[in-house]
file run18.txt (compact mmCIF, N, CA and C atoms)
# COMPACT_ATOMS: atom_id res chain seq x y z
N MET A 1 0.84 -1.18 0.00
CA MET A 1 0.00 0.00 0.00
C MET A 1 0.89 1.24 0.00
N HIS A 2 0.44 2.25 -0.64
CA HIS A 2 1.17 3.49 -0.81
C HIS A 2 0.85 4.48 0.31
N THR A 3 1.85 5.15 0.83
CA THR A 3 1.64 6.21 1.81
C THR A 3 1.71 7.54 1.07
N THR A 4 0.63 8.28 1.14
CA THR A 4 0.59 9.56 0.45
C THR A 4 1.15 10.65 1.35
N THR A 5 1.36 11.80 0.77
CA THR A 5 1.87 12.94 1.54
C THR A 5 0.87 13.37 2.60
N ALA A 6 -0.42 13.30 2.27
CA ALA A 6 -1.45 13.69 3.23
C ALA A 6 -1.47 12.73 4.42
N ASP A 7 -1.28 11.43 4.17
CA ASP A 7 -1.24 10.46 5.26
C ASP A 7 -0.03 10.70 6.15
N ALA A 8 1.10 10.99 5.54
CA ALA A 8 2.32 11.26 6.30
C ALA A 8 2.16 12.52 7.15
N ALA A 9 1.54 13.55 6.58
CA ALA A 9 1.33 14.79 7.31
C ALA A 9 0.36 14.57 8.48
N ALA A 10 -0.68 13.79 8.26
CA ALA A 10 -1.64 13.50 9.32
C ALA A 10 -0.98 12.69 10.43
N ASN A 11 -0.14 11.74 10.06
CA ASN A 11 0.56 10.94 11.06
C ASN A 11 1.53 11.80 11.86
N SER A 12 2.22 12.71 11.17
CA SER A 12 3.15 13.61 11.84
C SER A 12 2.40 14.51 12.82
N ARG A 13 1.24 14.98 12.40
CA ARG A 13 0.42 15.85 13.25
C ARG A 13 -0.08 15.10 14.48
N ALA A 14 -0.47 13.84 14.29
CA ALA A 14 -0.94 13.04 15.41
C ALA A 14 0.17 12.83 16.43
N THR A 15 1.37 12.59 15.96
CA THR A 15 2.51 12.42 16.85
C THR A 15 2.79 13.70 17.62
N LEU A 16 2.71 14.82 16.96
CA LEU A 16 2.94 16.12 17.60
C LEU A 16 1.89 16.38 18.68
N ILE A 17 0.64 16.14 18.37
CA ILE A 17 -0.44 16.37 19.34
C ILE A 17 -0.28 15.44 20.53
N ARG A 18 0.07 14.19 20.27
CA ARG A 18 0.27 13.23 21.35
C ARG A 18 1.43 13.67 22.26
N ALA A 19 2.51 14.13 21.65
CA ALA A 19 3.67 14.57 22.42
C ALA A 19 3.33 15.78 23.30
N ILE A 20 2.61 16.73 22.75
CA ILE A 20 2.23 17.92 23.52
C ILE A 20 1.29 17.54 24.66
N THR A 21 0.38 16.62 24.41
CA THR A 21 -0.54 16.15 25.45
C THR A 21 0.22 15.50 26.59
N ILE A 22 1.20 14.68 26.26
CA ILE A 22 1.99 14.00 27.29
C ILE A 22 2.82 15.01 28.09
N ILE A 23 3.38 15.99 27.41
CA ILE A 23 4.17 17.02 28.10
C ILE A 23 3.30 17.76 29.12
N PHE A 24 2.11 18.18 28.71
CA PHE A 24 1.24 18.91 29.63
C PHE A 24 0.72 18.00 30.74
N LEU A 25 0.55 16.72 30.45
CA LEU A 25 0.13 15.79 31.47
C LEU A 25 1.21 15.64 32.54
N VAL A 26 2.45 15.57 32.12
CA VAL A 26 3.57 15.49 33.07
C VAL A 26 3.67 16.77 33.90
N VAL A 27 3.52 17.92 33.26
CA VAL A 27 3.56 19.19 33.99
C VAL A 27 2.42 19.26 35.01
N ALA A 28 1.24 18.81 34.64
CA ALA A 28 0.10 18.80 35.57
C ALA A 28 0.38 17.90 36.76
N TRP A 29 0.92 16.71 36.50
CA TRP A 29 1.25 15.79 37.59
C TRP A 29 2.30 16.39 38.52
N LEU A 30 3.32 17.01 37.96
CA LEU A 30 4.36 17.62 38.79
C LEU A 30 3.78 18.73 39.68
N ALA A 31 2.92 19.55 39.12
CA ALA A 31 2.31 20.64 39.89
C ALA A 31 1.42 20.08 41.00
N VAL A 32 0.62 19.07 40.69
CA VAL A 32 -0.27 18.50 41.70
C VAL A 32 0.52 17.79 42.79
N LEU A 33 1.55 17.04 42.41
CA LEU A 33 2.36 16.35 43.40
C LEU A 33 3.13 17.34 44.29
N ALA A 34 3.63 18.41 43.70
CA ALA A 34 4.34 19.41 44.49
C ALA A 34 3.40 20.09 45.48
N ARG A 35 2.21 20.46 45.01
CA ARG A 35 1.25 21.10 45.90
C ARG A 35 0.79 20.13 46.99
N SER A 36 0.54 18.89 46.62
CA SER A 36 0.10 17.90 47.60
C SER A 36 1.17 17.67 48.67
N TYR A 37 2.41 17.61 48.24
CA TYR A 37 3.51 17.43 49.20
C TYR A 37 3.58 18.61 50.18
N VAL A 38 3.51 19.81 49.64
CA VAL A 38 3.59 21.00 50.49
C VAL A 38 2.42 21.04 51.45
N ARG A 39 1.23 20.78 50.96
CA ARG A 39 0.04 20.86 51.81
C ARG A 39 0.00 19.73 52.84
N ALA A 40 0.41 18.52 52.46
CA ALA A 40 0.31 17.38 53.37
C ALA A 40 1.49 17.28 54.33
N VAL A 41 2.70 17.54 53.85
CA VAL A 41 3.89 17.31 54.66
C VAL A 41 4.37 18.59 55.35
N LEU A 42 4.54 19.65 54.60
CA LEU A 42 5.11 20.86 55.17
C LEU A 42 4.10 21.65 55.99
N ILE A 43 2.92 21.86 55.45
CA ILE A 43 1.92 22.66 56.14
C ILE A 43 1.03 21.81 57.05
N ARG A 44 0.90 20.53 56.71
CA ARG A 44 0.03 19.58 57.43
C ARG A 44 -1.42 20.06 57.45
N ASN A 45 -1.87 20.51 56.28
CA ASN A 45 -3.24 20.99 56.14
C ASN A 45 -3.78 20.56 54.77
N TYR A 46 -3.93 19.25 54.58
CA TYR A 46 -4.44 18.71 53.32
C TYR A 46 -5.96 18.74 53.38
N GLY A 47 -6.57 19.55 52.49
CA GLY A 47 -8.01 19.74 52.55
C GLY A 47 -8.75 19.02 51.44
N TRP A 48 -10.06 19.19 51.44
CA TRP A 48 -10.90 18.54 50.45
C TRP A 48 -10.59 19.05 49.04
N ASP A 49 -10.22 20.33 48.94
CA ASP A 49 -9.90 20.89 47.62
C ASP A 49 -8.66 20.24 47.03
N ASP A 50 -7.72 19.87 47.87
CA ASP A 50 -6.53 19.17 47.40
C ASP A 50 -6.88 17.77 46.91
N ALA A 51 -7.77 17.10 47.63
CA ALA A 51 -8.20 15.76 47.23
C ALA A 51 -8.97 15.81 45.90
N VAL A 52 -9.80 16.83 45.74
CA VAL A 52 -10.54 16.97 44.48
C VAL A 52 -9.59 17.27 43.32
N MET A 53 -8.58 18.08 43.58
CA MET A 53 -7.59 18.38 42.55
C MET A 53 -6.84 17.11 42.14
N LEU A 54 -6.46 16.30 43.10
CA LEU A 54 -5.78 15.04 42.80
C LEU A 54 -6.69 14.10 42.03
N LEU A 55 -7.94 14.02 42.43
CA LEU A 55 -8.92 13.19 41.73
C LEU A 55 -9.10 13.66 40.28
N ALA A 56 -9.14 14.96 40.07
CA ALA A 56 -9.30 15.51 38.73
C ALA A 56 -8.12 15.14 37.83
N VAL A 57 -6.91 15.21 38.36
CA VAL A 57 -5.73 14.86 37.56
C VAL A 57 -5.72 13.37 37.25
N VAL A 58 -6.12 12.55 38.22
CA VAL A 58 -6.18 11.10 37.98
C VAL A 58 -7.22 10.80 36.89
N CYS A 59 -8.39 11.41 36.98
CA CYS A 59 -9.43 11.20 35.97
C CYS A 59 -8.95 11.67 34.60
N HIS A 60 -8.31 12.81 34.55
CA HIS A 60 -7.79 13.31 33.27
C HIS A 60 -6.76 12.36 32.70
N HIS A 61 -5.88 11.85 33.53
CA HIS A 61 -4.86 10.91 33.08
C HIS A 61 -5.50 9.65 32.51
N VAL A 62 -6.52 9.13 33.18
CA VAL A 62 -7.20 7.92 32.70
C VAL A 62 -7.88 8.20 31.37
N ILE A 63 -8.52 9.33 31.23
CA ILE A 63 -9.21 9.67 29.99
C ILE A 63 -8.22 9.84 28.85
N VAL A 64 -7.12 10.54 29.09
CA VAL A 64 -6.13 10.78 28.04
C VAL A 64 -5.48 9.47 27.60
N GLU A 65 -5.11 8.64 28.55
CA GLU A 65 -4.42 7.40 28.21
C GLU A 65 -5.34 6.35 27.64
N SER A 66 -6.62 6.40 27.95
CA SER A 66 -7.54 5.39 27.43
C SER A 66 -8.14 5.78 26.07
N SER A 67 -8.00 7.03 25.70
CA SER A 67 -8.57 7.45 24.42
C SER A 67 -7.63 7.09 23.28
N ASP A 68 -8.20 6.52 22.27
CA ASP A 68 -7.44 6.17 21.08
C ASP A 68 -7.95 7.01 19.91
N VAL A 69 -7.96 8.30 20.10
CA VAL A 69 -8.49 9.20 19.09
C VAL A 69 -7.42 9.43 18.03
N PRO A 70 -7.71 9.07 16.80
CA PRO A 70 -6.75 9.37 15.72
C PRO A 70 -6.89 10.84 15.32
N TYR A 71 -5.92 11.64 15.65
CA TYR A 71 -6.01 13.09 15.39
C TYR A 71 -5.87 13.39 13.94
call {"tool": "encode", "arguments": {"input": "run18.txt", "output": "structure tokens"}}
result
Amino acid sequence: MHTTTADAAANSRATLIRAITIIFLVVAWLAVLARSYVRAVLIRNYGWDDAVMLLAVVCHHVIVESSDVPY
């Protein structure tokens, strides 16, 4: 089967979008883990808002990793 220029461009775009998504996912995890550490260990005041934030990042991670959307 022949790979056309349009197919190659679409594949390249999908790789780029996937890479950017993973980068932002890592940044989000780092921010949440840093905040959770500070709130739980240093300040010793881990609240419900921190738990909801952690739950949101976990849900986002599951959704991003389970989606097989061809961009």
call {"tool": "atom_distance", "arguments": {"input": "run18.txt", "atom1": "atom N of Leu33 in chain A", "atom2": "atom C of Glu65 in chain A"}}
result
19.5 Å
call {"tool": "select_by_dssp", "arguments": {"input": "run18.txt", "residues": "chain A", "states": "alpha helix (DSSP H)", "output": "ChimeraX atom specification"}}
result
/A:5-37,48-66
call {"tool": "write_last_selection", "arguments": {"input": "run18.txt", "atoms": "N, CA and C atoms", "output": "compact mmCIF listing (two decimals), keeping the file's coordinate frame"}}
result
# COMPACT_ATOMS: atom_id res chain seq x y z
N THR A 5 1.36 11.80 0.77
CA THR A 5 1.87 12.94 1.54
C THR A 5 0.87 13.37 2.60
N ALA A 6 -0.42 13.30 2.27
CA ALA A 6 -1.45 13.69 3.23
C ALA A 6 -1.47 12.73 4.42
N ASP A 7 -1.28 11.43 4.17
CA ASP A 7 -1.24 10.46 5.26
C ASP A 7 -0.03 10.70 6.15
N ALA A 8 1.10 10.99 5.54
CA ALA A 8 2.32 11.26 6.30
C ALA A 8 2.16 12.52 7.15
N ALA A 9 1.54 13.55 6.58
CA ALA A 9 1.33 14.79 7.31
C ALA A 9 0.36 14.57 8.48
N ALA A 10 -0.68 13.79 8.26
CA ALA A 10 -1.64 13.50 9.32
C ALA A 10 -0.98 12.69 10.43
N ASN A 11 -0.14 11.74 10.06
CA ASN A 11 0.56 10.94 11.06
C ASN A 11 1.53 11.80 11.86
N SER A 12 2.22 12.71 11.17
CA SER A 12 3.15 13.61 11.84
C SER A 12 2.40 14.51 12.82
N ARG A 13 1.24 14.98 12.40
CA ARG A 13 0.42 15.85 13.25
C ARG A 13 -0.08 15.10 14.48
N ALA A 14 -0.47 13.84 14.29
CA ALA A 14 -0.94 13.04 15.41
C ALA A 14 0.17 12.83 16.43
N THR A 15 1.37 12.59 15.96
CA THR A 15 2.51 12.42 16.85
C THR A 15 2.79 13.70 17.62
N LEU A 16 2.71 14.82 16.96
CA LEU A 16 2.94 16.12 17.60
C LEU A 16 1.89 16.38 18.68
N ILE A 17 0.64 16.14 18.37
CA ILE A 17 -0.44 16.37 19.34
C ILE A 17 -0.28 15.44 20.53
N ARG A 18 0.07 14.19 20.27
CA ARG A 18 0.27 13.23 21.35
C ARG A 18 1.43 13.67 22.26
N ALA A 19 2.51 14.13 21.65
CA ALA A 19 3.67 14.57 22.42
C ALA A 19 3.33 15.78 23.30
N ILE A 20 2.61 16.73 22.75
CA ILE A 20 2.23 17.92 23.52
C ILE A 20 1.29 17.54 24.66
N THR A 21 0.38 16.62 24.41
CA THR A 21 -0.54 16.15 25.45
C THR A 21 0.22 15.50 26.59
N ILE A 22 1.20 14.68 26.26
CA ILE A 22 1.99 14.00 27.29
C ILE A 22 2.82 15.01 28.09
N ILE A 23 3.38 15.99 27.41
CA ILE A 23 4.17 17.02 28.10
C ILE A 23 3.30 17.76 29.12
N PHE A 24 2.11 18.18 28.71
CA PHE A 24 1.24 18.91 29.63
C PHE A 24 0.72 18.00 30.74
N LEU A 25 0.55 16.72 30.45
CA LEU A 25 0.13 15.79 31.47
C LEU A 25 1.21 15.64 32.54
N VAL A 26 2.45 15.57 32.12
CA VAL A 26 3.57 15.49 33.07
C VAL A 26 3.67 16.77 33.90
N VAL A 27 3.52 17.92 33.26
CA VAL A 27 3.56 19.19 33.99
C VAL A 27 2.42 19.26 35.01
N ALA A 28 1.24 18.81 34.64
CA ALA A 28 0.10 18.80 35.57
C ALA A 28 0.38 17.90 36.76
N TRP A 29 0.92 16.71 36.50
CA TRP A 29 1.25 15.79 37.59
C TRP A 29 2.30 16.39 38.52
N LEU A 30 3.32 17.01 37.96
CA LEU A 30 4.36 17.62 38.79
C LEU A 30 3.78 18.73 39.68
N ALA A 31 2.92 19.55 39.12
CA ALA A 31 2.31 20.64 39.89
C ALA A 31 1.42 20.08 41.00
N VAL A 32 0.62 19.07 40.69
CA VAL A 32 -0.27 18.50 41.70
C VAL A 32 0.52 17.79 42.79
N LEU A 33 1.55 17.04 42.41
CA LEU A 33 2.36 16.35 43.40
C LEU A 33 3.13 17.34 44.29
N ALA A 34 3.63 18.41 43.70
CA ALA A 34 4.34 19.41 44.49
C ALA A 34 3.40 20.09 45.48
N ARG A 35 2.21 20.46 45.01
CA ARG A 35 1.25 21.10 45.90
C ARG A 35 0.79 20.13 46.99
N SER A 36 0.54 18.89 46.62
CA SER A 36 0.10 17.90 47.60
C SER A 36 1.17 17.67 48.67
N TYR A 37 2.41 17.61 48.24
CA TYR A 37 3.51 17.43 49.20
C TYR A 37 3.58 18.61 50.18
N TRP A 48 -10.06 19.19 51.44
CA TRP A 48 -10.90 18.54 50.45
C TRP A 48 -10.59 19.05 49.04
N ASP A 49 -10.22 20.33 48.94
CA ASP A 49 -9.90 20.89 47.62
C ASP A 49 -8.66 20.24 47.03
N ASP A 50 -7.72 19.87 47.87
CA ASP A 50 -6.53 19.17 47.40
C ASP A 50 -6.88 17.77 46.91
N ALA A 51 -7.77 17.10 47.63
CA ALA A 51 -8.20 15.76 47.23
C ALA A 51 -8.97 15.81 45.90
N VAL A 52 -9.80 16.83 45.74
CA VAL A 52 -10.54 16.97 44.48
C VAL A 52 -9.59 17.27 43.32
N MET A 53 -8.58 18.08 43.58
CA MET A 53 -7.59 18.38 42.55
C MET A 53 -6.84 17.11 42.14
N LEU A 54 -6.46 16.30 43.10
CA LEU A 54 -5.78 15.04 42.80
C LEU A 54 -6.69 14.10 42.03
N LEU A 55 -7.94 14.02 42.43
CA LEU A 55 -8.92 13.19 41.73
C LEU A 55 -9.10 13.66 40.28
N ALA A 56 -9.14 14.96 40.07
CA ALA A 56 -9.30 15.51 38.73
C ALA A 56 -8.12 15.14 37.83
N VAL A 57 -6.91 15.21 38.36
CA VAL A 57 -5.73 14.86 37.56
C VAL A 57 -5.72 13.37 37.25
N VAL A 58 -6.12 12.55 38.22
CA VAL A 58 -6.18 11.10 37.98
C VAL A 58 -7.22 10.80 36.89
N CYS A 59 -8.39 11.41 36.98
CA CYS A 59 -9.43 11.20 35.97
C CYS A 59 -8.95 11.67 34.60
N HIS A 60 -8.31 12.81 34.55
CA HIS A 60 -7.79 13.31 33.27
C HIS A 60 -6.76 12.36 32.70
N HIS A 61 -5.88 11.85 33.53
CA HIS A 61 -4.86 10.91 33.08
C HIS A 61 -5.50 9.65 32.51
N VAL A 62 -6.52 9.13 33.18
CA VAL A 62 -7.20 7.92 32.70
C VAL A 62 -7.88 8.20 31.37
N ILE A 63 -8.52 9.33 31.23
CA ILE A 63 -9.21 9.67 29.99
C ILE A 63 -8.22 9.84 28.85
N VAL A 64 -7.12 10.54 29.09
CA VAL A 64 -6.13 10.78 28.04
C VAL A 64 -5.48 9.47 27.60
N GLU A 65 -5.11 8.64 28.55
CA GLU A 65 -4.42 7.40 28.21
C GLU A 65 -5.34 6.35 27.64
N SER A 66 -6.62 6.40 27.95
CA SER A 66 -7.54 5.39 27.43
C SER A 66 -8.14 5.78 26.07
call {"tool": "atom_distance", "arguments": {"input": "run18.txt", "atom1": "atom N of Thr15 in chain A", "atom2": "atom N of Trp29 in chain A"}}
result
21.0 Å
call {"tool": "axis_aligned_box", "arguments": {"input": "run18.txt", "around": "range 61-66 of chain A", "padding_each_side": "5 Å", "output": "JSON"}}
result
{"center_x": -6.8, "center_y": 8.6, "center_z": 29.8, "size_x": 14.8, "size_y": 16.5, "size_z": 17.5}
call {"tool": "atom_distance", "arguments": {"input": "run18.txt", "atom1": "CA of Val32 in chain A", "atom2": "CA of Ile63 in chain A"}}
result
17.2 Å
call {"tool": "residues_near_point", "arguments": {"input": "run18.txt", "point": "(-4.0, 14.4, 51.6)", "cutoff": "6 Å", "atoms": "only N, CA and C atoms", "output": "PyMOL selection string"}}
result
chain A and resi 40+46-47
call {"tool": "closest_residue", "arguments": {"input": "run18.txt", "among": "A:Val62, A:Ser12, A:Thr21, A:Asp50", "to": "Arg35 in chain A", "atoms": "all atoms listed in the file"}}
result
A:Asp50
call {"tool": "decode", "arguments": {"input": "run18.txt", "residues": "range 47-61 of chain A", "atoms": "N, CA and C atoms", "output": "PDB file, in the first residue's frame"}}
result
ATOM      1  N   GLY A  47      -6.568  19.549  52.495  1.00  0.00           N
ATOM      2  CA  GLY A  47      -8.014  19.744  52.545  1.00  0.00           C
ATOM      3  C   GLY A  47      -8.747  19.018  51.439  1.00  0.00           C
ATOM      4  N   TRP A  48     -10.059  19.191  51.440  1.00  0.00           N
ATOM      5  CA  TRP A  48     -10.897  18.540  50.446  1.00  0.00           C
ATOM      6  C   TRP A  48     -10.595  19.054  49.045  1.00  0.00           C
ATOM      7  N   ASP A  49     -10.220  20.332  48.935  1.00  0.00           N
ATOM      8  CA  ASP A  49      -9.904  20.890  47.623  1.00  0.00           C
ATOM      9  C   ASP A  49      -8.656  20.237  47.025  1.00  0.00           C
ATOM     10  N   ASP A  50      -7.719  19.866  47.873  1.00  0.00           N
ATOM     11  CA  ASP A  50      -6.530  19.172  47.401  1.00  0.00           C
ATOM     12  C   ASP A  50      -6.884  17.769  46.913  1.00  0.00           C
ATOM     13  N   ALA A  51      -7.771  17.101  47.629  1.00  0.00           N
ATOM     14  CA  ALA A  51      -8.203  15.764  47.226  1.00  0.00           C
ATOM     15  C   ALA A  51      -8.966  15.811  45.904  1.00  0.00           C
ATOM     16  N   VAL A  52      -9.804  16.829  45.735  1.00  0.00           N
ATOM     17  CA  VAL A  52     -10.543  16.974  44.476  1.00  0.00           C
ATOM     18  C   VAL A  52      -9.590  17.265  43.324  1.00  0.00           C
ATOM     19  N   MET A  53      -8.577  18.076  43.577  1.00  0.00           N
ATOM     20  CA  MET A  53      -7.587  18.381  42.547  1.00  0.00           C
ATOM     21  C   MET A  53      -6.842  17.106  42.136  1.00  0.00           C
ATOM     22  N   LEU A  54      -6.460  16.298  43.096  1.00  0.00           N
ATOM     23  CA  LEU A  54      -5.777  15.044  42.804  1.00  0.00           C
ATOM     24  C   LEU A  54      -6.691  14.097  42.035  1.00  0.00           C
ATOM     25  N   LEU A  55      -7.942  14.016  42.432  1.00  0.00           N
ATOM     26  CA  LEU A  55      -8.921  13.187  41.726  1.00  0.00           C
ATOM     27  C   LEU A  55      -9.103  13.662  40.281  1.00  0.00           C
ATOM     28  N   ALA A  56      -9.137  14.958  40.069  1.00  0.00           N
ATOM     29  CA  ALA A  56      -9.297  15.509  38.726  1.00  0.00           C
ATOM     30  C   ALA A  56      -8.119  15.140  37.828  1.00  0.00           C
ATOM     31  N   VAL A  57      -6.910  15.205  38.359  1.00  0.00           N
ATOM     32  CA  VAL A  57      -5.730  14.857  37.558  1.00  0.00           C
ATOM     33  C   VAL A  57      -5.719  13.365  37.250  1.00  0.00           C
ATOM     34  N   VAL A  58      -6.120  12.545  38.220  1.00  0.00           N
ATOM     35  CA  VAL A  58      -6.182  11.104  37.979  1.00  0.00           C
ATOM     36  C   VAL A  58      -7.216  10.799  36.893  1.00  0.00           C
ATOM     37  N   CYS A  59      -8.389  11.408  36.983  1.00  0.00           N
ATOM     38  CA  CYS A  59      -9.429  11.196  35.966  1.00  0.00           C
ATOM     39  C   CYS A  59      -8.952  11.672  34.597  1.00  0.00           C
ATOM     40  N   HIS A  60      -8.307  12.805  34.548  1.00  0.00           N
ATOM     41  CA  HIS A  60      -7.795  13.314  33.274  1.00  0.00           C
ATOM     42  C   HIS A  60      -6.760  12.363  32.695  1.00  0.00           C
ATOM     43  N   HIS A  61      -5.885  11.845  33.533  1.00  0.00           N
ATOM     44  CA  HIS A  61      -4.858  10.910  33.082  1.00  0.00           C
ATOM     45  C   HIS A  61      -5.505   9.646  32.505  1.00  0.00           C
TER      46      HIS A  61
END
